[in-house]
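Just below is one structure, and these are the notes that go with it.
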Amino acid sequence: MKIALGPLLYYWPRSQVSDFYAAAAHWPVGIIYLGEVVCARRHELRTADWIELAQTLQQAGKTVVLSSQALLESAGDLISLRKLADAGFALEANDPGAVKIAQDAGVPFVAGPHLNIYNGATLDWYAARGATSWVPPVEMPGAALRQLLAERSCSIPTEIFAHGHVPLAFSARCFTARHFDLSKDACEFRCIEHPDGLDVNTRDGRPFLRINGIQTQSAACQSLFSALPELKTSGVDVLRISPQAHFTEEWVRAYAAALAGEAVEPDIATWQPEGIANGYWYGKAGIEHLIGSGAC
Amino acid sequence: MRVPHLVCPAGSLQALKKAVDHGADAVYVGFKDPTNARNFAGLNFTDQQLTEGVHYAHQRQREVLVAINTYPQAGQTTHWHRAVDRAADLGADAVIVADMGLLEYATRTHPQLRRHLSVQGSATNADAINLARDHFGISRVVLPRVLTLPQVEYVAAHTKVEVEVFGFGSLCVMAEGRCQLSSWATGESPNTHGVCSPAAHVRWEQTGGTLNARLNGILIDRFAEGEPAGYPTLCKGRFEVSGDTYYALEEPTSLNTLAILPELLRIGVAAIKVEGRQRSPTYTAQVTKVMREAIDAAASSRYAVKPDWTRQLTDVSEGHQQTLGAYHRPWR
């Protein structure tokens with residue numbers, strides 16, 4: 001099983017992004033996804049910068065995939081994506097429009113988690129269009145994944161969203177701008193002040209969601225670390241770790257060590273103080289955290 | 001100028017008849033199971049009811065569209081295939097489908113049955129629409145409620161596929177088909193179970209003067225004494241962000257496009273859809289009647305929103321509030 005570093009979902013200052021990927025070049029990850037998935041207004045790194053970074057990481061021995069925005073709305077969004085598609089790297093298609101753009105450009109694509117592949121026939125359809133690997137929807141339980149893999153005909157690798165704040169929804173509306181009483185068009189790029197998003201708590205103080213621009217995430221970090229033995233026997237080929245502002249390297253190294261058969265004990269209290277969840281994998285509400293029978 | 005079709009919701013045979021009687025050009029319905037995105041207890045159609053509904057509509061030269069717009073779940077795709085077969089066999093004019101594998105099945109098995117790409121298919125750009133057109137010959141796409149008017153116009157100008165937009169009803173804040181908030185809280189979502197914030201997980205809790213609305217135990221909102229309490233749809237709850245407690249995602253409100261109907265007609269949308277298969281036949285009748293009058297008026301040379309239309313639609317709006325949603329740039 002390989003480890004992939006998923007696309008950066010947050011808006012970090014340019015120097016922080018550079019430092020992060022300079023370090024990641026030395027981490028035990030085989031695949032690195034780059035690019036802006038959430039919001040076209042985020043441009044600390046422009047398309048050309050992402051492509052340059054992709055070339056650097058490829059030279060460092062990483063397989064690089066350029067991720068498409070999940071919500072492609074404007075002509076500008078499509079123009080940027082065509083530039084990414086022409087850069088000579090595989091694309092992660094997070095929108096059906098990105099599939100067409102990858103096809104038109106003749107580049108292979110990863111069928112991303114936002115393409116909604118819930119059954120084997122649909123996976124086969126995307127594989128026939130040129131998908132070289134795929135990521136199930138975040139809400140797919142392990143049992144459904146095993147069922148899907150049993151009924152598909154294609155044999156492309158499966159990558160699972162194993163660790164990170166779960167991207168749950170996308171909207172035209174920017175919730176971060178709304179929080180600051182700003183319009184999306186004049187958002188003052190406030191996302192940059194919240195490198196892991198903004199916590200949304202229930203009125204009785206329970207962490208529930210995170211707002212990250214137009215994206216809504218889980219407040220808890222999904223972690224399938226303790227489910228690794230089960231993931232191995234479920235047909236999962238790649239584990240996606242979603243970048244966070246702190247302790248991403250520690251998690252990557254913990255997963256890598258566990259995959260190498262070492263006994264590892266992640267310091268969850270320090271690395272993920274907001275708590276972890278794993279309900280989706282076990283067919284429950286995603287927010288749940290199941291313990292026992294292979295669960296944390 | 002082509003007058004767009006008015007497409008109205010029916011959660012029951014009675015609602016279908018009301019829609020037809022009050023001027024809908026087409027009525028959309030679903031089966032009584034998770035194959036459609038309004039899978040609520042007591043709603044939707046049996047085969048016999050659909051047969052009767054199709055007969056009623058066809059006698060009056062109206063169409064019936066069958067929404068099979070959830071995502072077939074692994075190991076259960078046959079169930080979704082049968083839903084397409086049933087729609088075809090019972091005389092539906094089109095199926096409204098979101099999943100690529102299911103579209104392929106419908107195209108292969110029932111090539112004569114028109115296929116619409118559902119709003120749950122999340123096609124927000126012409127490339128996405130044209131991908132489905134190239135492979136499945138879709139005749140129409142229902143656009144998610146995330147585009148501004150100029151963006152709708154741009155999409156319509158870059159595809160030959162007919163464009164259907166939402167004209168009235170409960171507002172989905174998120175791009176449809178891209179929202180898993182419901183399963184995060186309850187394990188069931190629109191894509192997997194055809195439900196959002198499902199009623200079986202709702203619990204009302206009276207403590208002193210306040211009423212708590214919980215979804216699978218999670219506090220979605222809290223209402224003071226005398227404050228009207230809406231259904232706890234989780235994106236329309238009140239939460240705390242950095243010390244502020246407010247509707248962090250969206251207020252309870254309904255989409256109402258009366259003010260921009262002439263613009264929608266100018267853009268050339270093929271159909272205007274009303275949301276609300278979960279609502280009563282009375283709702284369907286009332287909204288259909290108003291929208292019929294308004295669309296016909298917009299197709300004539302002079303158009304002004306009649307206060308009476310607004311009043312009637314406000315009466316059936318969530319929280320009695322209305323918005324232009326994403327069509328109106330400042331909403332974003």
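The way I read the labels, and the way they are meant: chains A, B, ... in the order of the structure tokens, residue 1 as the first residue of every chain, and ligand 1 as the first ligand shown, with later ones counted on from there.
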**Study point:** Interface, chain A side, toward chain B (6 Å; only C-alpha atoms) as a PyMOL selection string
**Key:** chain A and resi 73+96-97+100+118-119+121-122+144+147-148+168-173+184+200-203+284-287
Check your understanding: Which residues come within 9 Å of segment 15-28 of chain B, counting only C-alpha atoms, excluding same-chain residues fewer than 3 positions away, as a ChimeraX atom specification?
Key -> /B:5-12,53,56-57,60-67,96,277,279-293
**Study point:** Within 9 Å of Leu255 of chain B using only C-alpha atoms, minus same-chain residues under 2 positions, as a VMD selection string
**Key:** chain B and resid 166 to 172 253 257 317 321 to 325
With N, CA and C atoms retained, could you export that selection as a CSV table (one decimal), in the first residue's frame?
chain,number,residue,atom,x,y,z
B,166,PHE,N,-33.9,25.9,-11.5
B,166,PHE,CA,-34.9,26.0,-10.4
B,166,PHE,C,-35.5,27.4,-10.4
B,167,GLY,N,-36.8,27.4,-10.3
B,167,GLY,CA,-37.5,28.7,-10.2
B,167,GLY,C,-38.1,29.0,-8.9
B,168,PHE,N,-38.4,28.0,-8.1
B,168,PHE,CA,-39.0,28.2,-6.8
B,168,PHE,C,-38.9,27.0,-5.9
B,169,GLY,N,-38.8,27.2,-4.6
B,169,GLY,CA,-38.8,26.1,-3.7
B,169,GLY,C,-37.7,26.2,-2.7
B,170,SER,N,-37.6,25.2,-1.8
B,170,SER,CA,-36.6,25.2,-0.8
B,170,SER,C,-35.2,25.3,-1.4
B,171,LEU,N,-34.4,26.0,-0.8
B,171,LEU,CA,-33.1,26.3,-1.3
B,171,LEU,C,-32.0,25.4,-0.8
B,172,CYS,N,-31.4,24.6,-1.7
B,172,CYS,CA,-30.2,23.8,-1.3
B,172,CYS,C,-29.0,24.8,-1.4
B,253,THR,N,-35.0,29.6,4.2
B,253,THR,CA,-35.5,30.5,3.2
B,253,THR,C,-35.8,29.7,1.9
B,257,THR,N,-37.8,33.1,-8.0
B,257,THR,CA,-37.2,33.8,-9.2
B,257,THR,C,-38.2,34.7,-9.9
B,317,SER,N,-43.3,29.6,1.7
B,317,SER,CA,-41.9,29.6,1.7
B,317,SER,C,-41.4,29.2,3.1
B,321,GLN,N,-39.5,33.4,4.2
B,321,GLN,CA,-38.5,34.2,3.6
B,321,GLN,C,-38.1,33.7,2.2
B,322,GLN,N,-37.7,34.6,1.4
B,322,GLN,CA,-37.3,34.3,0.0
B,322,GLN,C,-36.0,34.9,-0.4
B,323,THR,N,-35.4,34.3,-1.3
B,323,THR,CA,-34.1,34.8,-1.8
B,323,THR,C,-34.0,34.4,-3.3
B,324,LEU,N,-33.1,35.2,-4.0
B,324,LEU,CA,-32.7,34.8,-5.3
B,324,LEU,C,-31.6,33.9,-5.4
B,325,GLY,N,-31.1,33.5,-4.2
B,325,GLY,CA,-30.0,32.6,-4.1
B,325,GLY,C,-28.8,32.9,-4.9
Exercise for review: Skip Ala143 of chain A itself and residues of its chain fewer than 6 positions away, then list as a ChimeraX atom specification all residues within 10 Å of it, counting only C-alpha atoms.
Suggested key: /A:234,281-283 /B:74
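Distance-wise, atom CA of Ala256 of chain A and atom CA of Ala70 of chain A end up 28.3 Å apart.
Here the strand (DSSP E or B) residues in segment 17-149 of chain A, by DSSP on the backbone, are Ile31, Ile32, Tyr33, Leu34, Thr63, Val64, Val65, Leu66, Ser67, Ala90, Leu91, Glu92, Ala93, Phe109, Val110, Ala111, Ala131, Thr132, Ser133 and Trp134 of chain A.
Running DSSP on the backbone gives helix (DSSP H, G or I) for these residues within segment 148-226 of chain B: Leu149, Pro150, Gln151, Val152, Glu153, Tyr154, Val155, Ala156, Ala157, Leu181, Ser182, Ser183, Trp184, Ala185, Thr186, Pro190, Asn191, Thr192, His193, Ala199, Ala200 and His201 of chain B.
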Produce a file of the selected residues containing C-alpha atoms, as a PDB file, in the first residue's frame.
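And here's part.pdb as it stands now:
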ATOM      1  CA  LEU B 149     -27.443  34.434 -13.930  1.00  0.00           C
ATOM      2  CA  PRO B 150     -24.487  35.313 -16.198  1.00  0.00           C
ATOM      3  CA  GLN B 151     -23.013  31.882 -15.457  1.00  0.00           C
ATOM      4  CA  VAL B 152     -26.295  30.198 -16.390  1.00  0.00           C
ATOM      5  CA  GLU B 153     -26.252  32.191 -19.606  1.00  0.00           C
ATOM      6  CA  TYR B 154     -22.648  31.187 -20.325  1.00  0.00           C
ATOM      7  CA  VAL B 155     -23.411  27.508 -19.752  1.00  0.00           C
ATOM      8  CA  ALA B 156     -26.526  27.643 -21.944  1.00  0.00           C
ATOM      9  CA  ALA B 157     -24.532  29.304 -24.725  1.00  0.00           C
ATOM     10  CA  LEU B 181     -23.323  16.776   5.615  1.00  0.00           C
ATOM     11  CA  SER B 182     -26.356  14.594   6.203  1.00  0.00           C
ATOM     12  CA  SER B 183     -24.419  11.341   6.277  1.00  0.00           C
ATOM     13  CA  TRP B 184     -21.741  12.914   8.439  1.00  0.00           C
ATOM     14  CA  ALA B 185     -24.440  13.494  11.072  1.00  0.00           C
ATOM     15  CA  THR B 186     -26.737  10.522  10.482  1.00  0.00           C
ATOM     16  CA  PRO B 190     -29.121  12.347  -0.581  1.00  0.00           C
ATOM     17  CA  ASN B 191     -26.632  10.401  -2.723  1.00  0.00           C
ATOM     18  CA  THR B 192     -26.963   7.121  -0.822  1.00  0.00           C
ATOM     19  CA  HIS B 193     -30.469   7.097   0.667  1.00  0.00           C
ATOM     20  CA  ALA B 199     -36.893  12.513   9.933  1.00  0.00           C
ATOM     21  CA  ALA B 200     -36.134   9.229  11.704  1.00  0.00           C
ATOM     22  CA  HIS B 201     -33.092  10.951  13.271  1.00  0.00           C
TER      23      HIS B 201
END
Review point. Which residues come within 10 Å of Ala4 of chain A, counting only C-alpha atoms, excluding same-chain residues fewer than 2 positions away, as number ranges by chain?
Key: A: 1-2, 6-7, 28-33, 62-64, 159-162, 238-242, 252
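Restricting the calculation to only C-alpha atoms, the smallest distance between Ala25 of chain A and any of A:Ile51, A:Val135, A:Met140, A:Ala60 is found for A:Ala60.
Note that atom CA of Thr56 of chain A and atom CA of Lys83 of chain A are 17.9 Å apart.
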Practice item. Write out as a list in words the residues lying within 7 Å of segment 160-162 of chain B, counting only C-alpha atoms and excluding same-chain residues fewer than 3 positions away. Key: Ser139, Arg140, Val141, Val269 and Ala270 of chain B
Study note, to complete from the structure: One residue among A:Leu182, A:Leu123, A:Ala98, A:Ile268 is nearest to Ser155 of chain A when using only C-alpha atoms, and that residue is A:Leu123
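Residues with any atom within 12 Å of Gly261 of chain A, counting only C-alpha atoms and excluding same-chain neighbours fewer than 4 positions away, are A:Met1, A:Leu228, A:Pro229, A:Ala254, A:Tyr255, A:Ala256, A:Ala257.
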Please produce a file of the residues just selected, as an mmCIF file, in the first residue's frame, where the atoms kept are N, CA, C and O atoms.
data_model
loop_
_atom_site.group_PDB
_atom_site.id
_atom_site.type_symbol
_atom_site.label_atom_id
_atom_site.label_comp_id
_atom_site.auth_asym_id
_atom_site.auth_seq_id
_atom_site.Cartn_x
_atom_site.Cartn_y
_atom_site.Cartn_z
ATOM 1 N N MET A 1 0.837 -1.199 0.000
ATOM 2 C CA MET A 1 0.000 0.000 0.000
ATOM 3 C C MET A 1 0.878 1.256 0.000
ATOM 4 O O MET A 1 1.860 1.317 0.727
ATOM 5 N N LEU A 228 -6.047 0.081 9.599
ATOM 6 C CA LEU A 228 -5.101 -0.331 8.545
ATOM 7 C C LEU A 228 -5.146 -1.828 8.209
ATOM 8 O O LEU A 228 -5.171 -2.192 7.031
ATOM 9 N N PRO A 229 -5.186 -2.696 9.207
ATOM 10 C CA PRO A 229 -5.225 -4.130 8.855
ATOM 11 C C PRO A 229 -6.431 -4.453 7.976
ATOM 12 O O PRO A 229 -6.331 -5.217 7.017
ATOM 13 N N ALA A 254 3.923 8.056 10.728
ATOM 14 C CA ALA A 254 3.253 7.015 11.521
ATOM 15 C C ALA A 254 2.579 5.996 10.601
ATOM 16 O O ALA A 254 2.697 4.778 10.804
ATOM 17 N N TYR A 255 1.870 6.490 9.588
ATOM 18 C CA TYR A 255 1.239 5.571 8.634
ATOM 19 C C TYR A 255 2.299 4.723 7.918
ATOM 20 O O TYR A 255 2.139 3.514 7.748
ATOM 21 N N ALA A 256 3.379 5.375 7.486
ATOM 22 C CA ALA A 256 4.420 4.648 6.751
ATOM 23 C C ALA A 256 5.038 3.562 7.630
ATOM 24 O O ALA A 256 5.270 2.434 7.171
ATOM 25 N N ALA A 257 5.279 3.914 8.878
ATOM 26 C CA ALA A 257 5.880 2.934 9.794
ATOM 27 C C ALA A 257 4.928 1.775 10.035
ATOM 28 O O ALA A 257 5.324 0.609 10.033
#
